[in-house]
Amino acid sequence: MSLTRLPRRALIAALLALAAGAHAQDGKPRIDQPWIRATPAVGAGYLSITGGAAADKLVGASSDAAASVELHTHKVEGGVARMRQVDDVPVPAGQKVEFRPGGLHLMLVGLKRPLKDGEQVAVTLRFEKAGAMPVNFVVDNQRAAQPTAAADPHGGHKH
């Protein structure tokens with residue numbers, strides 16, 4: 001059946017689906033499941049990034065909710081868990097990079113106000129090639145309490 005023989009609603013739905021598919025295939029990284037664990041002073045942001053058509057790097061982030069947003073990793077050195085700021089995070093083409101408790105994460109330093117469960121926090125991720133990508137993170141302190149996050153050392157971490 002040709003597109004000209006489709007009912008108007010079906011044609012509109014088909015065009016919207018094509019547009020959505022084109023957006024998903026625009027070559028930029030895809031962001032999934034962004035969430036934040038918040039304490040009074042800092043927030044830790046987690047998400048997954050799936051690389052686009054070409055390799056890229058996450059080179060920074062910012063948010064109006066915090067004085068700064070830093071890229072961090074977690075490493076155990078000499079039996080002591082330590083957080084380290086990193087300059088960038090490579091995002092290989094087509095591969096997923098996980099930001100999760102006990103690993104890579106975004107640190108929202110100097111929160112300008114307490115963040116409440118369920119609210120959304122706008123964060124702009126900056127990629128070397130893809131440029132700025134706005135993302136809404138959901139504050140979810142309950143998720144932080146789940147067993148997978150229990151090993152998150154943010155309660156008393158050292159930098």
# chains A, B, ... in the order shown; residues from 1 in each chain; ligands from 1
$ residues_around --residues "range 105-116 of chain A" --least-positions-apart "5" --cutoff "7 Å" --atoms "only C-alpha atoms" --output "VMD selection string"
chain A and resid 38 40 to 46 65 to 73 99 to 100 139
$ write_last_selection --atoms "all heavy atoms" --output "compact mmCIF listing (two decimals), in the first residue's frame"
# COMPACT_ATOMS: atom_id res chain seq x y z
N ALA A 38 20.93 12.48 46.48
CA ALA A 38 21.25 13.79 47.03
C ALA A 38 21.46 13.74 48.53
O ALA A 38 20.76 13.05 49.25
CB ALA A 38 20.14 14.78 46.71
N PRO A 40 22.69 16.78 51.74
CA PRO A 40 22.57 18.24 51.85
C PRO A 40 23.65 19.02 51.09
O PRO A 40 23.39 20.10 50.59
CB PRO A 40 22.69 18.48 53.36
CG PRO A 40 22.19 17.22 53.97
CD PRO A 40 22.66 16.13 53.04
N ALA A 41 24.85 18.47 50.97
CA ALA A 41 25.94 19.23 50.38
C ALA A 41 26.25 18.87 48.93
O ALA A 41 26.65 19.72 48.14
CB ALA A 41 27.21 19.05 51.21
N VAL A 42 26.10 17.61 48.56
CA VAL A 42 26.45 17.16 47.21
C VAL A 42 25.39 16.20 46.69
O VAL A 42 24.62 15.63 47.44
CB VAL A 42 27.83 16.45 47.16
CG1 VAL A 42 28.95 17.37 47.57
CG2 VAL A 42 27.83 15.19 47.98
N GLY A 43 25.40 16.05 45.38
CA GLY A 43 24.56 15.05 44.74
C GLY A 43 25.44 14.19 43.86
O GLY A 43 26.45 14.66 43.32
N ALA A 44 25.08 12.93 43.73
CA ALA A 44 25.80 12.02 42.84
C ALA A 44 24.85 11.59 41.74
O ALA A 44 23.76 11.11 42.02
CB ALA A 44 26.32 10.81 43.62
N GLY A 45 25.25 11.81 40.50
CA GLY A 45 24.41 11.50 39.35
C GLY A 45 24.86 10.24 38.65
O GLY A 45 26.06 10.01 38.46
N TYR A 46 23.87 9.42 38.28
CA TYR A 46 24.13 8.15 37.62
C TYR A 46 23.28 8.05 36.36
O TYR A 46 22.18 8.60 36.30
CB TYR A 46 23.80 7.00 38.57
CG TYR A 46 24.45 7.13 39.93
CD1 TYR A 46 23.72 7.55 41.03
CD2 TYR A 46 25.80 6.88 40.08
CE1 TYR A 46 24.33 7.69 42.28
CE2 TYR A 46 26.42 7.02 41.32
CZ TYR A 46 25.67 7.43 42.41
OH TYR A 46 26.27 7.57 43.64
N ALA A 65 21.52 23.74 39.52
CA ALA A 65 21.25 23.26 40.88
C ALA A 65 22.51 23.20 41.75
O ALA A 65 22.42 23.04 42.96
CB ALA A 65 20.59 21.89 40.84
N ALA A 66 23.70 23.32 41.13
CA ALA A 66 24.95 23.16 41.87
C ALA A 66 25.99 24.18 41.39
O ALA A 66 25.94 24.66 40.26
CB ALA A 66 25.50 21.75 41.68
N ALA A 67 26.95 24.46 42.27
CA ALA A 67 28.03 25.37 41.91
C ALA A 67 28.86 24.78 40.76
O ALA A 67 29.31 25.51 39.87
CB ALA A 67 28.92 25.65 43.12
N SER A 68 29.05 23.46 40.78
CA SER A 68 29.78 22.79 39.70
C SER A 68 29.35 21.34 39.60
O SER A 68 28.78 20.78 40.54
CB SER A 68 31.29 22.88 39.92
OG SER A 68 31.66 22.15 41.07
N VAL A 69 29.61 20.76 38.45
CA VAL A 69 29.37 19.32 38.24
C VAL A 69 30.68 18.74 37.74
O VAL A 69 31.25 19.22 36.76
CB VAL A 69 28.24 19.07 37.22
CG1 VAL A 69 28.03 17.57 37.01
CG2 VAL A 69 26.94 19.73 37.67
N GLU A 70 31.17 17.73 38.45
CA GLU A 70 32.45 17.11 38.13
C GLU A 70 32.26 15.67 37.69
O GLU A 70 31.35 14.98 38.16
CB GLU A 70 33.37 17.14 39.35
CG GLU A 70 33.65 18.55 39.85
CD GLU A 70 34.43 18.57 41.16
OE1 GLU A 70 34.69 17.50 41.75
OE2 GLU A 70 34.80 19.69 41.59
N LEU A 71 33.14 15.21 36.81
CA LEU A 71 33.18 13.81 36.41
C LEU A 71 34.09 13.08 37.39
O LEU A 71 35.22 13.52 37.60
CB LEU A 71 33.73 13.67 34.99
CG LEU A 71 33.07 14.52 33.89
CD1 LEU A 71 33.81 14.34 32.57
CD2 LEU A 71 31.61 14.19 33.75
N HIS A 72 33.60 12.01 37.98
CA HIS A 72 34.38 11.28 38.98
C HIS A 72 34.41 9.80 38.69
O HIS A 72 33.52 9.25 38.04
CB HIS A 72 33.75 11.45 40.37
CG HIS A 72 34.11 12.74 41.04
ND1 HIS A 72 34.38 12.81 42.38
CD2 HIS A 72 34.25 13.99 40.57
CE1 HIS A 72 34.66 14.06 42.71
NE2 HIS A 72 34.58 14.79 41.62
N THR A 73 35.43 9.16 39.22
CA THR A 73 35.51 7.71 39.24
C THR A 73 35.83 7.28 40.66
O THR A 73 36.25 8.08 41.49
CB THR A 73 36.56 7.19 38.24
OG1 THR A 73 36.44 5.77 38.14
CG2 THR A 73 37.98 7.55 38.67
N PHE A 99 27.39 4.75 34.52
CA PHE A 99 27.71 5.59 35.66
C PHE A 99 26.83 5.05 36.79
O PHE A 99 25.61 5.13 36.71
CB PHE A 99 27.34 7.05 35.39
CG PHE A 99 28.28 7.77 34.46
CD1 PHE A 99 28.43 7.36 33.14
CD2 PHE A 99 28.99 8.87 34.91
CE1 PHE A 99 29.29 8.04 32.29
CE2 PHE A 99 29.85 9.55 34.06
CZ PHE A 99 30.01 9.13 32.75
N ARG A 100 27.46 4.45 37.82
CA ARG A 100 26.68 3.81 38.88
C ARG A 100 27.41 3.92 40.21
O ARG A 100 28.62 4.19 40.23
CB ARG A 100 26.39 2.36 38.53
CG ARG A 100 27.62 1.52 38.33
CD ARG A 100 27.25 0.08 38.02
NE ARG A 100 28.44 -0.66 37.71
CZ ARG A 100 28.68 -1.24 36.56
NH1 ARG A 100 27.80 -1.22 35.60
NH2 ARG A 100 29.80 -1.88 36.36
N VAL A 139 15.63 12.84 41.11
CA VAL A 139 16.18 12.60 42.44
C VAL A 139 15.49 11.37 43.00
O VAL A 139 14.26 11.32 43.08
CB VAL A 139 15.97 13.82 43.37
CG1 VAL A 139 16.53 13.52 44.77
CG2 VAL A 139 16.64 15.05 42.78
$ residues_around --residues "Leu47 in chain A" --least-positions-apart "3" --cutoff "6 Å" --atoms "only C-alpha atoms" --output "JSON, numbers by chain"
{"A": [32, 33, 34, 99]}
$ atom_distance --atom1 "CA of Val123 in chain A" --atom2 "CA of Gln95 in chain A"
22.0 Å
$ closest_residue --among "A:Gly94, A:Gly103, A:Val86, A:Glu77" --to "Gly27 in chain A" --atoms "only C-alpha atoms"
A:Gly94
$ atom_distance --atom1 "CA of Lys129 in chain A" --atom2 "CA of Ala55 in chain A"
8.5 Å
$ residues_around --residues "Thr124 in chain A" --least-positions-apart "3" --cutoff "8 Å" --atoms "only C-alpha atoms" --output "count of residues only"
7
$ residues_around --residues "Ala93 in chain A" --least-positions-apart "6" --cutoff "6 Å" --atoms "only C-alpha atoms" --output "list of chain:residue names"
A:Gly51, A:Gly52, A:Ala53, A:Ala54, A:Ala55
$ write_last_selection --atoms "all heavy atoms" --output "PDB file, in the first residue's frame"
ATOM      1  N   GLY A  51      27.109   4.962  23.196  1.00  0.00           N
ATOM      2  CA  GLY A  51      27.782   5.724  22.152  1.00  0.00           C
ATOM      3  C   GLY A  51      27.004   5.762  20.861  1.00  0.00           C
ATOM      4  O   GLY A  51      26.285   4.828  20.509  1.00  0.00           O
ATOM      5  N   GLY A  52      27.138   6.865  20.144  1.00  0.00           N
ATOM      6  CA  GLY A  52      26.482   7.032  18.856  1.00  0.00           C
ATOM      7  C   GLY A  52      27.276   6.381  17.740  1.00  0.00           C
ATOM      8  O   GLY A  52      28.017   5.413  17.967  1.00  0.00           O
ATOM      9  N   ALA A  53      27.159   6.932  16.561  1.00  0.00           N
ATOM     10  CA  ALA A  53      27.793   6.357  15.380  1.00  0.00           C
ATOM     11  C   ALA A  53      29.322   6.419  15.438  1.00  0.00           C
ATOM     12  O   ALA A  53      29.998   5.572  14.869  1.00  0.00           O
ATOM     13  CB  ALA A  53      27.302   7.077  14.123  1.00  0.00           C
ATOM     14  N   ALA A  54      29.857   7.413  16.123  1.00  0.00           N
ATOM     15  CA  ALA A  54      31.309   7.564  16.229  1.00  0.00           C
ATOM     16  C   ALA A  54      31.693   7.667  17.703  1.00  0.00           C
ATOM     17  O   ALA A  54      30.885   8.074  18.536  1.00  0.00           O
ATOM     18  CB  ALA A  54      31.768   8.822  15.492  1.00  0.00           C
ATOM     19  N   ALA A  55      32.918   7.306  18.007  1.00  0.00           N
ATOM     20  CA  ALA A  55      33.415   7.436  19.381  1.00  0.00           C
ATOM     21  C   ALA A  55      33.361   8.901  19.792  1.00  0.00           C
ATOM     22  O   ALA A  55      33.511   9.810  18.976  1.00  0.00           O
ATOM     23  CB  ALA A  55      34.847   6.913  19.470  1.00  0.00           C
TER      24      ALA A  55
END
$ closest_residue --among "A:Arg82, A:Pro101, A:Ser48, A:Lys57" --to "Phe137 in chain A" --atoms "only C-alpha atoms"
A:Ser48
$ decode --residues "range 128-143 of chain A" --atoms "all heavy atoms" --output "short mmCIF file (atom, residue, chain, number, x, y, z; two decimals), in the first residue's frame"
data_model
loop_
_atom_site.label_atom_id
_atom_site.label_comp_id
_atom_site.auth_asym_id
_atom_site.auth_seq_id
_atom_site.Cartn_x
_atom_site.Cartn_y
_atom_site.Cartn_z
N GLU A 128 32.58 15.96 23.52
CA GLU A 128 33.59 16.53 22.63
C GLU A 128 33.04 16.74 21.22
O GLU A 128 33.25 17.79 20.60
CB GLU A 128 34.81 15.61 22.60
CG GLU A 128 35.98 16.14 21.79
CD GLU A 128 37.17 15.21 21.89
OE1 GLU A 128 37.12 14.10 21.30
OE2 GLU A 128 38.14 15.59 22.58
N LYS A 129 32.32 15.74 20.69
CA LYS A 129 31.81 15.82 19.32
C LYS A 129 30.32 16.15 19.27
O LYS A 129 29.90 16.95 18.44
CB LYS A 129 32.06 14.51 18.58
CG LYS A 129 33.53 14.22 18.37
CD LYS A 129 33.74 12.89 17.69
CE LYS A 129 35.23 12.59 17.58
NZ LYS A 129 35.47 11.23 17.10
N ALA A 130 29.53 15.54 20.11
CA ALA A 130 28.07 15.71 20.07
C ALA A 130 27.63 17.05 20.65
O ALA A 130 26.50 17.47 20.44
CB ALA A 130 27.38 14.57 20.81
N GLY A 131 28.51 17.72 21.40
CA GLY A 131 28.17 19.02 21.97
C GLY A 131 27.33 18.88 23.24
O GLY A 131 27.37 17.86 23.93
N ALA A 132 26.55 19.91 23.51
CA ALA A 132 25.75 19.97 24.73
C ALA A 132 24.47 19.14 24.58
O ALA A 132 23.79 19.24 23.55
CB ALA A 132 25.41 21.41 25.07
N MET A 133 24.17 18.36 25.61
CA MET A 133 22.95 17.56 25.63
C MET A 133 22.26 17.77 26.98
O MET A 133 22.77 17.33 28.01
CB MET A 133 23.26 16.07 25.43
CG MET A 133 23.78 15.72 24.06
SD MET A 133 24.08 13.95 23.86
CE MET A 133 22.41 13.32 23.92
N PRO A 134 21.09 18.43 26.98
CA PRO A 134 20.36 18.60 28.23
C PRO A 134 19.69 17.29 28.64
O PRO A 134 19.13 16.58 27.80
CB PRO A 134 19.33 19.68 27.90
CG PRO A 134 19.17 19.63 26.42
CD PRO A 134 20.46 19.11 25.86
N VAL A 135 19.77 16.97 29.94
CA VAL A 135 19.19 15.74 30.47
C VAL A 135 18.51 16.08 31.79
O VAL A 135 19.08 16.80 32.62
CB VAL A 135 20.28 14.66 30.73
CG1 VAL A 135 19.69 13.41 31.34
CG2 VAL A 135 21.02 14.34 29.44
N ASN A 136 17.32 15.56 32.00
CA ASN A 136 16.64 15.71 33.28
C ASN A 136 16.89 14.48 34.13
O ASN A 136 16.52 13.37 33.75
CB ASN A 136 15.14 15.93 33.09
CG ASN A 136 14.82 17.31 32.60
OD1 ASN A 136 15.48 18.28 32.98
ND2 ASN A 136 13.84 17.43 31.74
N PHE A 137 17.54 14.68 35.27
CA PHE A 137 17.80 13.61 36.22
C PHE A 137 16.68 13.62 37.26
O PHE A 137 16.23 14.69 37.67
CB PHE A 137 19.13 13.85 36.94
CG PHE A 137 20.35 13.51 36.13
CD1 PHE A 137 20.70 14.25 35.02
CD2 PHE A 137 21.15 12.44 36.49
CE1 PHE A 137 21.82 13.95 34.27
CE2 PHE A 137 22.28 12.12 35.75
CZ PHE A 137 22.61 12.88 34.64
N VAL A 138 16.26 12.45 37.71
CA VAL A 138 15.25 12.34 38.75
C VAL A 138 15.96 12.07 40.08
O VAL A 138 16.82 11.18 40.16
CB VAL A 138 14.26 11.19 38.45
CG1 VAL A 138 13.29 10.99 39.60
CG2 VAL A 138 13.52 11.47 37.15
N VAL A 139 15.63 12.84 41.11
CA VAL A 139 16.18 12.60 42.44
C VAL A 139 15.49 11.37 43.00
O VAL A 139 14.26 11.32 43.08
CB VAL A 139 15.97 13.82 43.37
CG1 VAL A 139 16.53 13.52 44.77
CG2 VAL A 139 16.64 15.05 42.78
N ASP A 140 16.28 10.35 43.34
CA ASP A 140 15.73 9.07 43.80
C ASP A 140 16.60 8.51 44.92
O ASP A 140 17.41 7.62 44.70
CB ASP A 140 15.64 8.10 42.62
CG ASP A 140 14.87 6.84 42.94
OD1 ASP A 140 14.57 6.60 44.13
OD2 ASP A 140 14.57 6.08 42.00
N ASN A 141 16.42 9.04 46.12
CA ASN A 141 17.20 8.55 47.26
C ASN A 141 16.79 7.14 47.67
O ASN A 141 17.57 6.44 48.29
CB ASN A 141 17.09 9.53 48.43
CG ASN A 141 17.86 10.81 48.16
OD1 ASN A 141 18.93 10.78 47.56
ND2 ASN A 141 17.31 11.92 48.56
N GLN A 142 15.57 6.72 47.34
CA GLN A 142 15.14 5.36 47.65
C GLN A 142 15.95 4.35 46.82
O GLN A 142 16.34 3.31 47.30
CB GLN A 142 13.64 5.18 47.38
CG GLN A 142 12.77 6.09 48.21
CD GLN A 142 13.02 5.95 49.71
OE1 GLN A 142 13.20 4.86 50.22
NE2 GLN A 142 13.05 7.08 50.40
N ARG A 143 16.19 4.70 45.58
CA ARG A 143 16.99 3.83 44.71
C ARG A 143 18.40 3.70 45.26
O ARG A 143 19.02 2.65 45.20
CB ARG A 143 17.02 4.40 43.30
CG ARG A 143 17.73 3.53 42.31
CD ARG A 143 17.52 4.09 40.92
NE ARG A 143 18.24 3.30 39.95
CZ ARG A 143 18.21 3.55 38.66
NH1 ARG A 143 17.48 4.53 38.18
NH2 ARG A 143 18.91 2.81 37.83
#
